[in-house]
Each structure stands twice: as structure tokens, then as C-alpha cells.
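Next comes start-v6.csv, a file with CSV, C-alpha atoms.
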chain,number,residue,atom,x,y,z
A,1,MET,CA,-4.9,7.8,22.2
A,2,THR,CA,-7.8,8.1,19.7
A,3,THR,CA,-8.0,5.9,16.7
A,4,VAL,CA,-9.1,7.5,13.5
A,5,LYS,CA,-11.0,5.1,11.4
A,6,VAL,CA,-10.6,6.2,7.8
A,7,PHE,CA,-12.1,3.3,5.8
A,8,PRO,CA,-14.4,1.5,6.0
A,9,VAL,CA,-16.9,2.6,8.6
A,10,LYS,CA,-17.8,-1.0,9.7
A,11,ASP,CA,-17.5,-0.9,13.5
A,12,ILE,CA,-20.8,1.0,13.7
A,13,SER,CA,-23.9,-0.2,11.8
A,14,GLN,CA,-26.2,1.9,9.7
A,15,ALA,CA,-29.0,1.2,12.1
A,16,GLU,CA,-26.9,2.3,15.1
A,17,MET,CA,-26.0,5.5,13.2
A,18,ASN,CA,-29.7,6.3,12.7
A,19,GLU,CA,-30.3,5.6,16.4
A,20,LEU,CA,-27.5,8.0,17.4
A,21,PHE,CA,-27.9,10.8,14.9
A,22,THR,CA,-30.2,13.0,12.9
A,23,TYR,CA,-28.9,14.4,9.6
A,24,GLU,CA,-29.6,18.1,9.1
A,25,GLU,CA,-28.7,20.1,6.0
A,26,SER,CA,-28.2,23.9,6.0
A,27,ALA,CA,-27.5,26.2,3.1
A,28,LYS,CA,-23.7,25.6,3.6
A,29,THR,CA,-23.2,22.1,4.9
A,30,GLY,CA,-24.7,18.9,6.1
A,31,SER,CA,-24.3,18.0,9.8
A,32,LEU,CA,-25.2,15.4,12.3
A,33,HIS,CA,-27.0,16.1,15.6
A,34,TRP,CA,-27.1,13.8,18.6
A,35,LYS,CA,-30.4,11.9,18.9
A,36,LYS,CA,-29.2,9.8,21.8
A,37,VAL,CA,-26.1,10.1,24.0
A,38,ASN,CA,-24.3,8.0,26.7
A,39,LYS,CA,-24.7,9.0,30.3
A,40,SER,CA,-21.0,9.6,30.5
A,41,SER,CA,-20.9,11.8,27.4
A,42,THR,CA,-20.6,15.5,27.6
A,43,ALA,CA,-22.7,15.9,24.4
A,44,LYS,CA,-26.3,16.9,24.7
A,45,VAL,CA,-29.3,15.5,22.8
A,46,GLY,CA,-29.9,17.9,19.8
A,47,SER,CA,-26.4,19.4,19.8
A,48,ARG,CA,-24.2,19.2,16.7
A,49,ALA,CA,-22.1,16.0,16.7
A,50,GLY,CA,-18.4,16.1,16.1
A,51,CYS,CA,-15.7,18.8,15.8
A,52,LEU,CA,-13.9,20.6,13.0
A,53,LYS,CA,-10.2,19.9,13.0
A,54,ALA,CA,-7.2,21.7,11.5
A,55,ASP,CA,-7.4,19.6,8.3
A,56,LYS,CA,-10.9,21.1,7.7
A,57,TYR,CA,-12.6,17.8,8.1
A,58,TRP,CA,-15.3,17.1,10.7
A,59,TYR,CA,-14.8,14.2,13.0
A,60,VAL,CA,-17.2,12.4,15.3
A,61,LYS,CA,-16.5,10.0,18.2
A,62,VAL,CA,-18.7,6.9,18.7
A,63,ASN,CA,-17.9,4.1,21.2
A,64,ASN,CA,-14.5,5.7,21.8
A,65,ILE,CA,-13.6,5.5,18.1
A,66,THR,CA,-13.1,8.7,16.0
A,67,TYR,CA,-14.6,8.7,12.5
A,68,LYS,CA,-14.5,11.2,9.6
A,69,LEU,CA,-18.0,12.7,9.7
A,70,HIS,CA,-18.5,12.6,5.9
A,71,ARG,CA,-18.0,8.9,5.9
A,72,VAL,CA,-20.6,8.4,8.7
A,73,ILE,CA,-23.1,10.7,6.9
A,74,TYR,CA,-22.6,8.8,3.6
A,75,THR,CA,-23.0,5.4,5.3
A,76,MET,CA,-25.9,6.5,7.3
A,77,LEU,CA,-27.9,7.9,4.4
A,78,LYS,CA,-26.7,5.8,1.4
A,79,GLY,CA,-25.4,2.6,2.9
A,80,PRO,CA,-21.9,1.0,3.1
A,81,ILE,CA,-19.1,2.7,1.2
A,82,PRO,CA,-18.1,0.4,-1.7
A,83,ALA,CA,-15.0,-1.6,-0.9
A,84,GLY,CA,-11.8,0.1,-2.0
A,85,LYS,CA,-13.5,3.5,-2.5
A,86,GLN,CA,-13.2,6.8,-0.7
A,87,ILE,CA,-15.8,9.5,-0.2
A,88,ASN,CA,-15.1,12.5,-2.4
A,89,HIS,CA,-16.3,16.1,-1.6
A,90,ILE,CA,-17.4,17.1,-5.1
A,91,ASP,CA,-17.0,20.8,-4.4
A,92,GLU,CA,-13.5,20.2,-2.9
A,93,ASN,CA,-14.6,21.7,0.4
A,94,PRO,CA,-13.9,19.0,3.2
A,95,SER,CA,-16.3,20.8,5.6
A,96,ASN,CA,-19.3,20.6,3.2
A,97,ASN,CA,-20.9,17.3,4.2
A,98,LYS,CA,-24.2,17.7,2.3
A,99,ILE,CA,-25.2,14.3,1.0
A,100,GLU,CA,-25.4,15.5,-2.6
A,101,ASN,CA,-21.8,16.7,-2.2
A,102,LEU,CA,-20.5,13.2,-1.2
A,103,LYS,CA,-19.6,10.7,-3.8
A,104,PRO,CA,-17.7,7.4,-3.6
A,105,GLU,CA,-14.6,7.4,-5.8
A,106,TRP,CA,-11.6,5.2,-6.4
A,107,PRO,CA,-8.6,6.7,-4.6
A,108,ILE,CA,-6.9,7.8,-7.8
A,109,ASP,CA,-10.0,9.5,-9.0
A,110,ASN,CA,-10.6,11.2,-5.7
A,111,SER,CA,-7.0,12.6,-5.6
A,112,ASN,CA,-7.3,13.8,-9.2
A,113,HIS,CA,-10.8,15.3,-8.8
A,114,GLY,CA,-11.6,18.9,-9.7
A,115,THR,CA,-9.0,21.6,-9.8
A,116,ARG,CA,-6.6,20.0,-7.2
A,117,ASN,CA,-3.9,19.1,-9.8
A,118,ALA,CA,-4.1,22.5,-11.5
A,119,ARG,CA,-3.9,24.3,-8.2
A,120,VAL,CA,-0.9,22.3,-7.0
A,121,ALA,CA,0.8,22.7,-10.4
A,122,ALA,CA,0.2,26.5,-10.3
A,123,ALA,CA,1.5,26.7,-6.7
A,124,LEU,CA,4.7,24.9,-7.7
A,125,SER,CA,5.3,26.6,-11.0
A,126,ILE,CA,8.0,29.1,-11.4
A,127,PRO,CA,7.9,31.5,-14.4
A,128,ILE,CA,10.8,31.3,-16.7
A,129,TYR,CA,12.0,33.6,-19.5
A,130,CYS,CA,13.3,32.5,-22.9
A,131,HIS,CA,15.8,35.1,-24.2
A,132,GLU,CA,15.6,34.2,-27.9
A,133,THR,CA,11.9,34.5,-28.1
A,134,SER,CA,11.5,37.2,-25.5
A,135,THR,CA,8.7,35.2,-24.0
A,136,THR,CA,7.8,34.5,-20.3
A,137,TYR,CA,6.4,31.1,-19.7
A,138,PRO,CA,4.4,30.2,-16.5
A,139,SER,CA,6.4,27.0,-16.1
A,140,THR,CA,9.2,24.9,-17.5
A,141,LYS,CA,6.6,22.4,-18.6
A,142,GLN,CA,4.8,25.0,-20.7
A,143,ALA,CA,8.0,26.2,-22.3
A,144,ALA,CA,9.0,22.7,-23.2
A,145,ARG,CA,5.5,22.1,-24.7
A,146,ASP,CA,5.5,25.3,-26.7
A,147,LEU,CA,9.1,25.1,-27.9
A,148,LYS,CA,9.1,21.3,-28.4
A,149,LEU,CA,12.0,20.8,-26.0
A,150,ASP,CA,12.8,18.5,-23.2
A,151,ALA,CA,11.7,19.9,-19.8
A,152,GLY,CA,14.7,18.3,-18.1
A,153,ASN,CA,17.1,20.1,-20.5
A,154,ILE,CA,15.4,23.4,-19.8
A,155,CYS,CA,15.9,22.7,-16.1
A,156,ALA,CA,19.6,22.0,-16.7
A,157,VAL,CA,19.9,25.4,-18.4
A,158,LEU,CA,18.2,27.1,-15.5
A,159,LYS,CA,20.5,25.3,-13.0
A,160,GLY,CA,23.6,26.3,-15.1
A,161,LYS,CA,24.5,22.7,-16.1
A,162,TYR,CA,23.9,23.5,-19.8
A,163,LYS,CA,24.4,26.9,-21.5
A,164,GLN,CA,21.4,26.3,-23.8
A,165,THR,CA,19.1,23.7,-25.2
A,166,GLY,CA,17.7,23.7,-28.8
A,167,ASN,CA,19.5,27.0,-29.3
A,168,PHE,CA,17.5,28.6,-26.5
A,169,THR,CA,18.6,30.1,-23.2
A,170,PHE,CA,16.4,30.5,-20.2
A,171,SER,CA,16.4,32.2,-16.8
A,172,TYR,CA,14.0,32.4,-13.9
A,173,VAL,CA,11.6,35.4,-13.7
A,174,THR,CA,11.8,37.3,-10.4
A,175,THR,CA,9.0,39.2,-8.7
A,176,ASN,CA,10.2,42.6,-10.0
A,177,ASN,CA,10.1,41.4,-13.6
A,178,THR,CA,13.8,40.9,-14.0
A,179,THR,CA,15.5,37.6,-14.8
A,180,ASN,CA,18.1,35.6,-12.9
A,181,THR,CA,20.4,33.2,-14.6
A,182,THR,CA,22.3,30.6,-12.6
A,183,THR,CA,26.0,30.5,-13.3
A,184,ASP,CA,28.7,28.3,-11.8
Structure encoded using C-alpha cells:
Amino acid sequence: MTTVKVFPVKDISQAEMNELFTYEESAKTGSLHWKKVNKSSTAKVGSRAGCLKADKYWYVKVNNITYKLHRVIYTMLKGPIPAGKQINHIDENPSNNKIENLKPEWPIDNSNHGTRNARVAAALSIPIYCHETSTTYPSTKQAARDLKLDAGNICAVLKGKYKQTGNFTFSYVTTNNTTNTTTD
């Protein structure tokens, strides 16, 4: 079974990384190429190091330990990753390992970086319709903000637990622009 070292990359020194790899940057990404390989390795000197996995991150195996490639590149070129920090892909593309695209961040800042939260919220948002104002809102949260209502109460109306909140009734918007109201 392969161990994936996520943080920190301390089992391999910066000097050893520079002995094993050369860093190359293309127009799209940064990559490592083998400078030196073990006799038992199937890798060839000069070939690209690592493999792209389903999670869209590149991984590389050194001394039978698998590392995320962006962490190795950062450590190799910039030095140790500061304690407690993660390496953020500034452009949000986990395959883009150009050194200028890699930045140490606290975990909370890394997970909140860029458009991630907006993309997740948009993917989870379900449009709702307010009958009294004849307005379609992209989400319960937006309707609550605009109408100065409690989002939980709007959800209760949508689920049929309340008939209305703040003298407003709501229903979900379906794909064919009709509305559905939940009733018991």
C-alpha cells in the first residue's frame, strides 16, 4: 500500500530533491523531470516525474513514498513549507504546478480561496419564487436577504411546515419555469 504524504514534505531534503529532479515550466504547467533514477525504477532519466490522478493533482513517488507534486516543487524551489500551511494553487487548477502559481496558505484561507465558495454555493442553490412580489430568487439565502426574512422560515414554507413567513409565500422553481409548492 502506498502512503501519501500530504504535509510536510520532510522525509526528503531539498538537496535530495535537486539531485533527483529538474524543474521545467511550460506555457500551461510546471513539472519535474527525472535527473537521477534508481536501477530498479521503471522511470528514465529525462522523463516526466509523477502521474496525474483522478483528483487532478500530480503525484510523485520517491523512496517508496508518494508525495503531491506541487508540494515537492514548492519545497525544491522555495524551501520548506511553513509549519501549519498548505500549498494553494492560485488559479484553482490543481494540475498547474508553475512555481508562481503556488503559494503557502493557512488551511482556512486555502479552502476559501478564489471562487470556490461561490461555485459551491451556486451549485447547491435552488431558485425559489415569491408569490407576493412575483420575484424569482436564485436561492433561499438571497430571498431572505432581500426581504429581510429568516432563511430557516423560508425553508419551512418551502417544506410545507409553515404556510407563510412575513406575509410571503414561496415555492421552488422547476426547470420549465413553473413553480412547485410542497403540501402535506
### Task
Find the spatial neighbours of segment 147-154 of chain A, counting all atoms listed in the file, within a cut-off of 12 Å - ignore same-chain residues fewer than 5 positions away - and output them as a ChimeraX atom specification.
/A:128-130,132-133,135,137,139-142,159-172
For C-alpha atoms, I'd like the residues from the last selection saved as an mmCIF file, keeping the file's coordinate frame.
data_model
loop_
_atom_site.group_PDB
_atom_site.id
_atom_site.type_symbol
_atom_site.label_atom_id
_atom_site.label_comp_id
_atom_site.auth_asym_id
_atom_site.auth_seq_id
_atom_site.Cartn_x
_atom_site.Cartn_y
_atom_site.Cartn_z
ATOM 1 C CA ILE A 128 10.800 31.300 -16.700
ATOM 2 C CA TYR A 129 12.000 33.600 -19.500
ATOM 3 C CA CYS A 130 13.300 32.500 -22.900
ATOM 4 C CA GLU A 132 15.600 34.200 -27.900
ATOM 5 C CA THR A 133 11.900 34.500 -28.100
ATOM 6 C CA THR A 135 8.700 35.200 -24.000
ATOM 7 C CA TYR A 137 6.400 31.100 -19.700
ATOM 8 C CA SER A 139 6.400 27.000 -16.100
ATOM 9 C CA THR A 140 9.200 24.900 -17.500
ATOM 10 C CA LYS A 141 6.600 22.400 -18.600
ATOM 11 C CA GLN A 142 4.800 25.000 -20.700
ATOM 12 C CA LYS A 159 20.500 25.300 -13.000
ATOM 13 C CA GLY A 160 23.600 26.300 -15.100
ATOM 14 C CA LYS A 161 24.500 22.700 -16.100
ATOM 15 C CA TYR A 162 23.900 23.500 -19.800
ATOM 16 C CA LYS A 163 24.400 26.900 -21.500
ATOM 17 C CA GLN A 164 21.400 26.300 -23.800
ATOM 18 C CA THR A 165 19.100 23.700 -25.200
ATOM 19 C CA GLY A 166 17.700 23.700 -28.800
ATOM 20 C CA ASN A 167 19.500 27.000 -29.300
ATOM 21 C CA PHE A 168 17.500 28.600 -26.500
ATOM 22 C CA THR A 169 18.600 30.100 -23.200
ATOM 23 C CA PHE A 170 16.400 30.500 -20.200
ATOM 24 C CA SER A 171 16.400 32.200 -16.800
ATOM 25 C CA TYR A 172 14.000 32.400 -13.900
#
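Considering the residues A:Val157, A:Val62, A:Ile73, A:Ile81 and counting all atoms listed in the file, Ser41 of chain A has its shortest atom-to-atom contact with A:Val62.
Reported to one decimal place, the separation of atom CA of Ile65 of chain A from atom CA of Lys85 of chain A is 20.7 Å.
Relative to atom CA of Ala83 of chain A, atom CA of Asn96 of chain A is found at 23.0 Å.
Here the question is which of A:Asn18, A:Lys28, A:Ile99, A:Asn64 gets nearest to Ser40 of chain A using all atoms listed in the file, and that residue is A:Asn64.
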### Task
Provide the atom CA of Asp11 of chain A to atom CA of Pro104 of chain A distance in Å, to one decimal place.
19.0 Å
### Selection near His70 of chain A, 9 Å with only C-alpha atoms, sequence-local residues under 6 positions removed, as a list of chain:residue names
A:Gly30, A:Ser31, A:Tyr57, A:Trp58, A:Tyr59, A:Ile87, A:Asn88, A:His89, A:Pro94, A:Ser95, A:Asn96, A:Asn97, A:Lys98, A:Ile99, A:Leu102
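Here the question is which of A:Thr174, A:Lys56, A:Ser134, A:Lys103 gets nearest to Asp91 of chain A using only C-alpha atoms, and that residue is A:Lys103.
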